[in-house]
>>> print(open('final.csv').read())   # CSV, C-alpha atoms
chain,number,residue,atom,x,y,z
A,1,MET,CA,-20.9,-8.1,-17.3
A,2,PRO,CA,-23.7,-8.0,-14.7
A,3,ASP,CA,-23.4,-5.6,-11.7
A,4,ALA,CA,-21.9,-7.6,-8.9
A,5,ASN,CA,-23.0,-5.2,-6.1
A,6,THR,CA,-26.1,-7.2,-5.2
A,7,TYR,CA,-24.0,-10.2,-4.3
A,8,TRP,CA,-21.3,-8.2,-2.4
A,9,ASP,CA,-23.9,-6.3,-0.4
A,10,ARG,CA,-25.5,-9.6,0.8
A,11,HIS,CA,-22.2,-11.2,1.8
A,12,VAL,CA,-20.0,-8.8,3.9
A,13,SER,CA,-17.4,-11.3,5.0
A,14,ALA,CA,-13.7,-11.6,4.3
A,15,SER,CA,-14.3,-14.9,2.4
A,16,ASN,CA,-17.0,-13.5,0.0
A,17,LEU,CA,-19.0,-16.7,0.7
A,18,PRO,CA,-22.6,-16.9,1.9
A,19,GLY,CA,-23.1,-17.5,5.6
A,20,ASP,CA,-19.7,-16.2,6.9
A,21,GLU,CA,-19.6,-13.6,9.6
A,22,ALA,CA,-18.6,-10.0,9.0
A,23,LEU,CA,-15.1,-8.9,10.0
A,24,THR,CA,-14.4,-7.7,13.6
A,25,PRO,CA,-11.2,-6.5,15.2
A,26,GLU,CA,-11.0,-9.8,17.2
A,27,ALA,CA,-11.3,-11.8,14.0
A,28,TRP,CA,-8.8,-9.7,12.0
A,29,PRO,CA,-5.5,-11.5,13.2
A,30,ASP,CA,-6.8,-14.9,11.9
A,31,GLU,CA,-8.1,-13.4,8.7
A,32,ILE,CA,-4.8,-11.7,7.8
A,33,ALA,CA,-3.0,-14.9,8.7
A,34,PHE,CA,-5.0,-16.7,6.1
A,35,TYR,CA,-4.5,-13.8,3.6
A,36,LEU,CA,-0.8,-13.5,3.8
A,37,THR,CA,0.1,-16.3,1.4
A,38,PRO,CA,3.1,-16.6,-1.0
A,39,GLU,CA,1.5,-14.5,-3.7
A,40,GLN,CA,0.9,-11.7,-1.2
A,41,GLU,CA,4.6,-11.8,0.0
A,42,PHE,CA,5.5,-11.4,-3.7
A,43,ALA,CA,3.1,-8.5,-4.1
A,44,HIS,CA,4.4,-6.7,-1.1
A,45,ARG,CA,8.0,-7.0,-2.3
A,46,GLU,CA,6.9,-5.5,-5.6
A,47,MET,CA,5.0,-2.6,-4.0
A,48,GLY,CA,8.2,-1.6,-2.2
A,49,PRO,CA,8.6,-0.3,1.4
A,50,LEU,CA,5.1,0.3,2.8
A,51,PRO,CA,5.7,3.1,5.4
A,52,SER,CA,4.6,6.4,4.0
A,53,ARG,CA,3.4,4.9,0.7
A,54,ARG,CA,0.1,6.1,-0.7
A,55,ILE,CA,-1.7,3.0,-1.9
A,56,VAL,CA,-5.1,2.5,-3.5
A,57,GLU,CA,-6.6,-0.9,-2.9
A,58,ILE,CA,-9.3,-1.5,-5.5
A,59,GLY,CA,-12.0,-3.9,-4.5
A,60,CYS,CA,-11.0,-3.9,-0.8
A,61,GLY,CA,-14.1,-5.7,0.4
A,62,VAL,CA,-14.3,-5.5,4.3
A,63,GLY,CA,-10.7,-4.3,4.4
A,64,VAL,CA,-8.6,-7.2,5.8
A,65,HIS,CA,-5.6,-6.2,3.6
A,66,ALA,CA,-6.2,-2.5,3.7
A,67,ILE,CA,-5.9,-2.6,7.5
A,68,TYR,CA,-2.7,-4.6,7.2
A,69,LEU,CA,-1.2,-2.0,4.9
A,70,ALA,CA,-2.1,0.7,7.3
A,71,ARG,CA,-0.6,-1.1,10.3
A,72,GLU,CA,2.6,-1.4,8.2
A,73,GLY,CA,2.6,2.4,7.9
A,74,ALA,CA,1.0,3.0,4.5
A,75,TRP,CA,-1.8,5.6,3.8
A,76,VAL,CA,-4.5,3.5,2.1
A,77,ALA,CA,-7.4,4.6,-0.1
A,78,ALA,CA,-9.7,1.5,0.2
A,79,VAL,CA,-12.0,1.5,-2.7
A,80,ASP,CA,-15.1,-0.7,-3.1
A,81,THR,CA,-18.6,-0.4,-4.7
A,82,SER,CA,-20.4,-1.9,-1.7
A,83,LEU,CA,-21.4,0.6,1.0
A,84,GLN,CA,-22.2,-2.3,3.3
A,85,ARG,CA,-18.6,-3.6,3.1
A,86,LEU,CA,-17.1,-0.2,3.5
A,87,ASN,CA,-19.2,0.4,6.6
A,88,VAL,CA,-17.7,-2.7,8.1
A,89,LEU,CA,-14.2,-1.5,7.2
A,90,ARG,CA,-14.8,1.9,8.7
A,91,GLU,CA,-16.0,0.4,12.0
A,92,VAL,CA,-13.1,-2.0,12.3
A,93,ALA,CA,-10.5,0.6,11.3
A,94,ALA,CA,-11.9,3.0,13.9
A,95,LYS,CA,-11.8,0.4,16.7
A,96,MET,CA,-8.2,-0.4,15.7
A,97,GLY,CA,-7.2,3.2,15.8
A,98,LEU,CA,-6.5,3.4,12.0
A,99,SER,CA,-9.2,5.9,10.8
A,100,GLY,CA,-6.5,8.4,9.9
A,101,GLN,CA,-4.7,5.9,7.6
A,102,VAL,CA,-7.5,3.9,6.1
A,103,HIS,CA,-9.9,6.0,3.9
A,104,ALA,CA,-13.0,4.1,2.7
A,105,VAL,CA,-14.0,5.3,-0.7
A,106,CYS,CA,-17.2,4.2,-2.5
A,107,SER,CA,-16.3,4.1,-6.2
A,108,ARG,CA,-16.0,1.9,-9.2
A,109,ALA,CA,-12.6,1.0,-10.5
A,110,GLU,CA,-13.5,2.6,-13.8
A,111,ASN,CA,-13.9,6.0,-12.3
A,112,LEU,CA,-11.5,6.6,-9.4
A,113,PRO,CA,-12.0,9.9,-7.6
A,114,PHE,CA,-8.3,10.8,-7.3
A,115,ARG,CA,-6.2,13.3,-9.1
A,116,GLU,CA,-3.7,12.3,-11.8
A,117,GLY,CA,-0.4,11.1,-10.3
A,118,ALA,CA,-1.6,11.2,-6.7
A,119,LEU,CA,-0.6,7.6,-5.6
A,120,ASP,CA,2.5,5.5,-5.3
A,121,ALA,CA,0.9,2.1,-5.9
A,122,ALA,CA,-2.3,0.4,-6.9
A,123,TYR,CA,-3.2,-3.1,-5.6
A,124,THR,CA,-6.0,-5.6,-6.4
A,125,LYS,CA,-6.8,-9.1,-5.2
A,126,ALA,CA,-9.3,-10.9,-7.4
A,127,SER,CA,-11.0,-7.5,-8.2
A,128,LEU,CA,-10.1,-6.7,-11.8
A,129,ILE,CA,-12.0,-9.8,-12.9
A,130,HIS,CA,-15.2,-7.9,-12.0
A,131,THR,CA,-14.4,-4.7,-14.0
A,132,ASP,CA,-14.4,-3.3,-17.5
A,133,LEU,CA,-10.8,-4.2,-17.6
A,134,SER,CA,-9.3,-1.7,-20.1
A,135,VAL,CA,-11.1,1.2,-18.5
A,136,ALA,CA,-10.2,0.2,-15.0
A,137,LEU,CA,-6.5,-0.2,-15.9
A,138,ALA,CA,-6.5,3.2,-17.6
A,139,GLU,CA,-7.8,4.7,-14.4
A,140,CYS,CA,-5.1,2.9,-12.4
A,141,ARG,CA,-2.5,4.3,-14.7
A,142,ARG,CA,-3.9,7.8,-14.5
A,143,VAL,CA,-3.8,8.0,-10.7
A,144,LEU,CA,-0.3,6.6,-10.3
A,145,ARG,CA,2.7,8.9,-10.1
A,146,PRO,CA,5.5,8.4,-12.7
A,147,GLY,CA,7.3,5.3,-11.5
A,148,GLY,CA,4.3,4.2,-9.5
A,149,ARG,CA,3.5,0.5,-9.6
A,150,GLY,CA,0.4,-1.5,-10.2
A,151,VAL,CA,0.4,-4.9,-8.5
A,152,PHE,CA,-2.6,-7.0,-9.5
A,153,CYS,CA,-3.2,-10.4,-8.0
A,154,GLU,CA,-5.8,-12.0,-10.2
A,155,PRO,CA,-7.1,-15.6,-10.7
A,156,THR,CA,-6.8,-17.2,-14.1
A,157,ALA,CA,-9.2,-19.3,-16.1
A,158,SER,CA,-6.8,-22.2,-16.6
A,159,ASN,CA,-6.2,-24.0,-13.3
A,160,PRO,CA,-8.0,-27.4,-13.6
A,161,PHE,CA,-8.8,-27.6,-9.8
A,162,ALA,CA,-10.2,-24.1,-9.7
A,163,ARG,CA,-12.3,-24.8,-12.8
A,164,LEU,CA,-13.9,-27.8,-11.1
A,165,TYR,CA,-14.6,-25.8,-8.0
A,166,ARG,CA,-16.2,-22.9,-9.9
A,167,ARG,CA,-18.4,-25.3,-11.9
A,168,PHE,CA,-19.6,-27.5,-9.0
A,169,CYS,CA,-19.1,-25.7,-5.7
A,170,ALA,CA,-18.8,-21.9,-6.0
A,171,PRO,CA,-21.8,-19.7,-5.7
A,172,ALA,CA,-23.8,-19.6,-8.9
A,173,GLU,CA,-23.5,-15.8,-9.1
A,174,TRP,CA,-19.8,-16.1,-9.6
A,175,ARG,CA,-20.4,-17.4,-13.1
A,176,THR,CA,-22.0,-14.2,-14.2
A,177,ILE,CA,-20.0,-11.5,-12.4
A,178,THR,CA,-16.5,-12.6,-13.2
A,179,ARG,CA,-14.1,-12.8,-16.2
A,180,TYR,CA,-11.1,-14.8,-15.1
A,181,PHE,CA,-7.7,-13.8,-16.6
A,182,SER,CA,-6.5,-15.4,-19.8
A,183,ARG,CA,-4.0,-14.4,-22.4
A,184,ALA,CA,-6.4,-11.8,-23.7
A,185,GLU,CA,-6.7,-10.0,-20.4
A,186,GLU,CA,-2.9,-10.2,-19.9
A,187,LYS,CA,-2.5,-8.6,-23.3
A,188,THR,CA,-4.8,-5.8,-22.2
A,189,VAL,CA,-2.7,-5.1,-19.1
A,190,ALA,CA,0.5,-4.9,-21.2
A,191,GLU,CA,-1.1,-2.6,-23.8
A,192,VAL,CA,-2.4,-0.1,-21.2
A,193,PHE,CA,0.9,0.1,-19.3
A,194,GLY,CA,3.4,-0.7,-22.0
A,195,ASN,CA,5.1,-3.2,-19.7
A,196,LEU,CA,4.3,-6.3,-17.8
A,197,ARG,CA,5.9,-9.0,-15.7
A,198,PHE,CA,4.3,-11.5,-13.4
A,199,GLY,CA,4.7,-14.3,-10.9
A,200,ASN,CA,2.9,-17.6,-11.0
A,201,PHE,CA,1.3,-19.2,-8.0
A,202,TYR,CA,-0.5,-22.5,-7.2
A,203,LEU,CA,-1.1,-25.5,-9.4
A,204,PHE,CA,-1.6,-28.2,-6.7
A,205,GLY,CA,-1.4,-25.4,-4.1
A,206,PHE,CA,-5.1,-24.6,-4.9
A,207,LEU,CA,-6.0,-27.7,-2.9
A,208,ALA,CA,-4.6,-26.3,0.3
A,209,PHE,CA,-7.3,-23.6,0.3
A,210,TYR,CA,-9.8,-26.2,1.3
A,211,TRP,CA,-8.5,-25.6,4.9
A,212,GLN,CA,-9.5,-21.9,4.5
A,213,PHE,CA,-12.8,-21.9,2.5
A,214,GLY,CA,-14.0,-25.5,3.2
A,215,LYS,CA,-13.1,-26.5,6.8
A,216,ARG,CA,-11.4,-23.5,8.4
A,217,ARG,CA,-8.1,-24.7,10.0
A,218,LEU,CA,-5.3,-22.2,10.0
A,219,LYS,CA,-2.5,-24.5,11.1
A,220,ARG,CA,-3.5,-27.2,8.5
A,221,PHE,CA,-3.8,-24.5,5.9
A,222,LYS,CA,-0.3,-23.2,6.4
A,223,ARG,CA,1.2,-26.6,6.6
A,224,TRP,CA,-0.4,-27.9,3.4
A,225,LEU,CA,0.1,-24.7,1.6
A,226,GLY,CA,3.8,-24.8,2.4
A,227,ILE,CA,4.1,-28.4,1.1
A,228,LEU,CA,2.1,-27.9,-2.1
A,229,HIS,CA,3.6,-24.5,-2.9
A,230,ALA,CA,7.1,-26.0,-2.7
A,231,LEU,CA,5.9,-28.8,-5.1
A,232,ASP,CA,4.4,-26.2,-7.5
A,233,ARG,CA,7.6,-24.1,-7.5
A,234,ALA,CA,9.6,-27.2,-8.4
A,235,LEU,CA,7.2,-28.2,-11.2
A,236,PHE,CA,7.1,-24.7,-12.6
A,237,ALA,CA,10.9,-24.7,-12.7
A,238,MET,CA,11.2,-28.1,-14.3
A,239,CYS,CA,8.4,-27.7,-16.8
A,240,PRO,CA,7.7,-24.0,-17.6
A,241,PRO,CA,4.6,-24.7,-19.7
A,242,LEU,CA,2.9,-25.8,-16.5
A,243,ARG,CA,3.0,-22.1,-15.4
A,244,ARG,CA,0.0,-21.5,-17.7
A,245,LEU,CA,-2.0,-23.6,-15.2
A,246,ALA,CA,-1.3,-21.4,-12.2
A,247,TRP,CA,-4.4,-20.4,-10.3
A,248,PHE,CA,-3.2,-16.9,-9.4
A,249,ARG,CA,-0.8,-14.6,-11.3
A,250,VAL,CA,0.6,-11.4,-9.8
A,251,TYR,CA,0.8,-8.9,-12.6
A,252,VAL,CA,3.4,-6.1,-12.0
A,253,VAL,CA,3.4,-2.9,-14.1
A,254,GLU,CA,4.9,0.5,-13.8
A,255,LYS,CA,3.8,3.9,-15.0
A,256,ARG,CA,6.5,5.3,-17.3
>>> encode(input="final.csv", output="structure tokens")
Amino acid sequence: MPDANTYWDRHVSASNLPGDEALTPEAWPDEIAFYLTPEQEFAHREMGPLPSRRIVEIGCGVGVHAIYLAREGAWVAAVDTSLQRLNVLREVAAKMGLSGQVHAVCSRAENLPFREGALDAAYTKASLIHTDLSVALAECRRVLRPGGRGVFCEPTASNPFARLYRRFCAPAEWRTITRYFSRAEEKTVAEVFGNLRFGNFYLFGFLAFYWQFGKRRLKRFKRWLGILHALDRALFAMCPPLRRLAWFRVYVVEKR
């Protein structure tokens, strides 16, 4: 897979899209409000109580979520390969008084600079799709303590609305720097950890994200996401095969 760093270094925004502004302390409340969606609520429950937890976030970007975890009491190793993005994170964390809890680390997921068993949890949001998956997962497993959890929120290849967006609207670079999750990638996760369970999120719910990444309207985003997420949950319950069309899956594993 081509190196994605050139793209990330050019676009140091929370959205990962061209033309958007870099994160600031003033913008952080709106950014985290957009970020804290149903799959994130699920992910946080699976990570357990955040205070005093030692968490590595792989592919942290400009650090919207890393700062949230720190404000909730966690010690966060925020890992990314883009120095430009990490510099934004350092600056924002310092201005918010969180330098002691958020530690920006420039590293690839395939070679994490932490000792074996050092961390309580590993988290990703649309990051493993840019890695050599089996190597990155092995590193996640290595740095987790026994009983530590990996919680990986990753987009799939199967949602029909997402596929249309990626083909016609997304930045062209995304086609060469990503490998969206399919059954093969899920099998790899299970093989590395020896266990796997997951939650499914967004069939029609994908459409609500227009109000985040198209026209940015937080109230409309939350309203439409609430409606469409409820519809998706009902459809997934009534017709389980539709779960294969989820846009995001949250994969939960444990080091045993």
>>> residues_around(input="final.csv", residues="Arg10 (chain A)", least_positions_apart="3", cutoff="10 Å", atoms="all atoms listed in the file", output="PDB file with C-alpha atoms, in the coordinates of the input")
ATOM      1  CA  ASN A   5     -23.000  -5.200  -6.100  1.00  0.00           C
ATOM      2  CA  THR A   6     -26.100  -7.200  -5.200  1.00  0.00           C
ATOM      3  CA  TYR A   7     -24.000 -10.200  -4.300  1.00  0.00           C
ATOM      4  CA  SER A  13     -17.400 -11.300   5.000  1.00  0.00           C
ATOM      5  CA  ASN A  16     -17.000 -13.500   0.000  1.00  0.00           C
ATOM      6  CA  LEU A  17     -19.000 -16.700   0.700  1.00  0.00           C
ATOM      7  CA  PRO A  18     -22.600 -16.900   1.900  1.00  0.00           C
ATOM      8  CA  GLY A  19     -23.100 -17.500   5.600  1.00  0.00           C
ATOM      9  CA  SER A  82     -20.400  -1.900  -1.700  1.00  0.00           C
ATOM     10  CA  GLN A  84     -22.200  -2.300   3.300  1.00  0.00           C
ATOM     11  CA  ARG A  85     -18.600  -3.600   3.100  1.00  0.00           C
TER      12      ARG A  85
END
>>> residues_around(input="final.csv", residues="Glu185 (chain A)", least_positions_apart="2", cutoff="12 Å", atoms="all atoms listed in the file", output="PyMOL selection string")
chain A and resi 128-129+131-134+137+154-157+179-183+187-192+196+249+251
>>> atom_distance(input="final.csv", atom1="CA of Asn200 (chain A)", atom2="CA of Leu164 (chain A)")
19.7 Å
>>> atom_distance(input="final.csv", atom1="CA of Glu173 (chain A)", atom2="CA of Gly214 (chain A)")
18.3 Å
>>> atom_distance(input="final.csv", atom1="CA of Gly59 (chain A)", atom2="CA of Gly226 (chain A)")
27.1 Å
>>> closest_residue(input="final.csv", among="A:Arg149, A:Arg197, A:Arg220, A:Arg233", to="Glu254 (chain A)", atoms="all atoms listed in the file")
A:Arg149
